[in-house]
Amino acid sequence: EDDPKLPDNSVDACLILKTYHEIGEPIKVLQNLKKSFKKNALLGIIDRNGRGDDHGIDKEKVIEEAKRAGFILKEEFDFTKADGMDYFLVFEATR
């Protein structure tokens, strides 16, 4: 459940769409996912601002967890929905 089991150095980009808040061990998942990333691969996370128990997660928490897993925030967007509730974060793996 915390390992996507992708081959090393095989992924150009990954999008976690509206499910990050459901991941039990997100840092482990991201660390395992990072192993599969090619150089300059990107990780996108789209989710809803929230507390975790309301089908959302605070974007600052996502940014901190991604950092702990070895990613740096590259870009941030808020155009995913007109209500401003969702965010789109783009990360790159550190080497």
# chains A, B, ... in the order shown; residues from 1 in each chain; ligands from 1
>>> select_by_dssp(residues="chain A", states="strand (DSSP E or B)", output="PyMOL selection string")
chain A and resi 11-17+37-48+51+57+71-77+86-93
>>> residues_around(residues="segment 17-27 of chain A", least_positions_apart="3", cutoff="9 Å", atoms="only C-alpha atoms", output="CSV table (one decimal) with N, CA and C atoms, in the first residue's frame")
chain,number,residue,atom,x,y,z
A,1,GLU,N,0.8,-1.2,0.0
A,1,GLU,CA,0.0,0.0,0.0
A,1,GLU,C,0.8,1.3,0.0
A,2,ASP,N,2.1,1.2,0.3
A,2,ASP,CA,3.0,2.4,0.3
A,2,ASP,C,4.0,2.3,-0.8
A,30,LEU,N,5.7,8.7,-1.4
A,30,LEU,CA,6.5,9.6,-2.2
A,30,LEU,C,8.0,9.1,-2.3
A,31,GLN,N,8.5,8.7,-1.2
A,31,GLN,CA,9.9,8.2,-1.3
A,31,GLN,C,10.0,7.0,-2.2
A,32,ASN,N,9.1,6.1,-2.2
A,32,ASN,CA,9.1,4.9,-3.1
A,32,ASN,C,8.9,5.4,-4.5
A,44,GLY,N,2.9,15.9,-9.8
A,44,GLY,CA,1.7,16.8,-9.7
A,44,GLY,C,0.8,16.3,-8.6
A,45,ILE,N,0.3,17.2,-7.7
A,45,ILE,CA,-0.7,16.8,-6.7
A,45,ILE,C,-1.8,17.8,-6.8
A,46,ILE,N,-3.0,17.3,-7.1
A,46,ILE,CA,-4.2,18.1,-7.1
A,46,ILE,C,-5.0,17.6,-6.0
A,47,ASP,N,-5.4,18.5,-5.1
A,47,ASP,CA,-6.3,18.1,-4.0
A,47,ASP,C,-7.0,19.3,-3.5
A,48,ARG,N,-7.8,19.0,-2.5
A,48,ARG,CA,-8.8,20.0,-1.9
A,48,ARG,C,-8.2,20.5,-0.6
A,50,GLY,N,-8.3,21.3,3.1
A,50,GLY,CA,-9.1,20.7,4.1
A,50,GLY,C,-8.2,20.2,5.3
A,51,ARG,N,-8.9,19.5,6.2
A,51,ARG,CA,-8.2,19.0,7.4
A,51,ARG,C,-7.8,17.6,7.4
A,52,GLY,N,-8.1,16.8,6.4
A,52,GLY,CA,-7.8,15.4,6.3
A,52,GLY,C,-9.0,14.6,6.6
A,53,ASP,N,-9.9,15.0,7.4
A,53,ASP,CA,-11.1,14.2,7.7
A,53,ASP,C,-12.3,14.7,6.9
A,55,HIS,N,-12.2,15.0,3.3
A,55,HIS,CA,-11.8,14.7,1.9
A,55,HIS,C,-10.9,15.9,1.3
A,56,GLY,N,-10.0,16.4,2.2
A,56,GLY,CA,-9.1,17.4,1.8
A,56,GLY,C,-7.9,17.4,2.7
A,57,ILE,N,-6.9,18.2,2.3
A,57,ILE,CA,-5.7,18.3,3.1
A,57,ILE,C,-5.1,19.7,2.9
A,62,VAL,N,1.0,19.2,2.6
A,62,VAL,CA,1.5,18.4,1.4
A,62,VAL,C,2.9,18.9,1.0
A,65,GLU,N,5.4,17.5,3.6
A,65,GLU,CA,5.6,16.0,3.4
A,65,GLU,C,6.4,15.7,2.2
A,66,ALA,N,6.1,16.4,1.1
A,66,ALA,CA,6.8,16.2,-0.1
A,66,ALA,C,8.3,16.6,0.1
A,67,LYS,N,8.6,17.6,0.8
A,67,LYS,CA,9.9,18.0,1.1
A,67,LYS,C,10.6,17.0,1.9
A,68,ARG,N,10.0,16.4,2.9
A,68,ARG,CA,10.6,15.4,3.7
A,68,ARG,C,10.8,14.1,2.9
A,69,ALA,N,10.1,13.9,1.8
A,69,ALA,CA,10.3,12.7,1.0
A,69,ALA,C,11.3,13.0,-0.1
A,86,ASP,N,-9.6,23.9,-4.6
A,86,ASP,CA,-8.5,23.0,-5.0
A,86,ASP,C,-7.2,23.7,-5.3
>>> closest_residue(among="A:Lys5, A:Glu92, A:Val11, A:Lys38", to="Lys74 of chain A", atoms="only C-alpha atoms")
A:Glu92
>>> select_by_dssp(residues="chain A", states="helix (DSSP H, G or I)", output="ChimeraX atom specification")
/A:20-22,26-35,59-68
>>> closest_residue(among="A:Leu73, A:Asp3, A:Leu89, A:Ser36", to="Lys59 of chain A", atoms="only C-alpha atoms")
A:Leu89
>>> atom_distance(atom1="atom CA of Phe79 of chain A", atom2="atom CA of Asn49 of chain A")
13.4 Å
>>> atom_distance(atom1="atom CA of Phe77 of chain A", atom2="atom CA of Ser10 of chain A")
26.1 Å
>>> atom_distance(atom1="atom CA of Phe91 of chain A", atom2="atom CA of Pro7 of chain A")
19.8 Å
>>> closest_residue(among="A:Glu64, A:Lys39, A:Asp54, A:Glu76", to="Thr94 of chain A", atoms="only C-alpha atoms")
A:Lys39
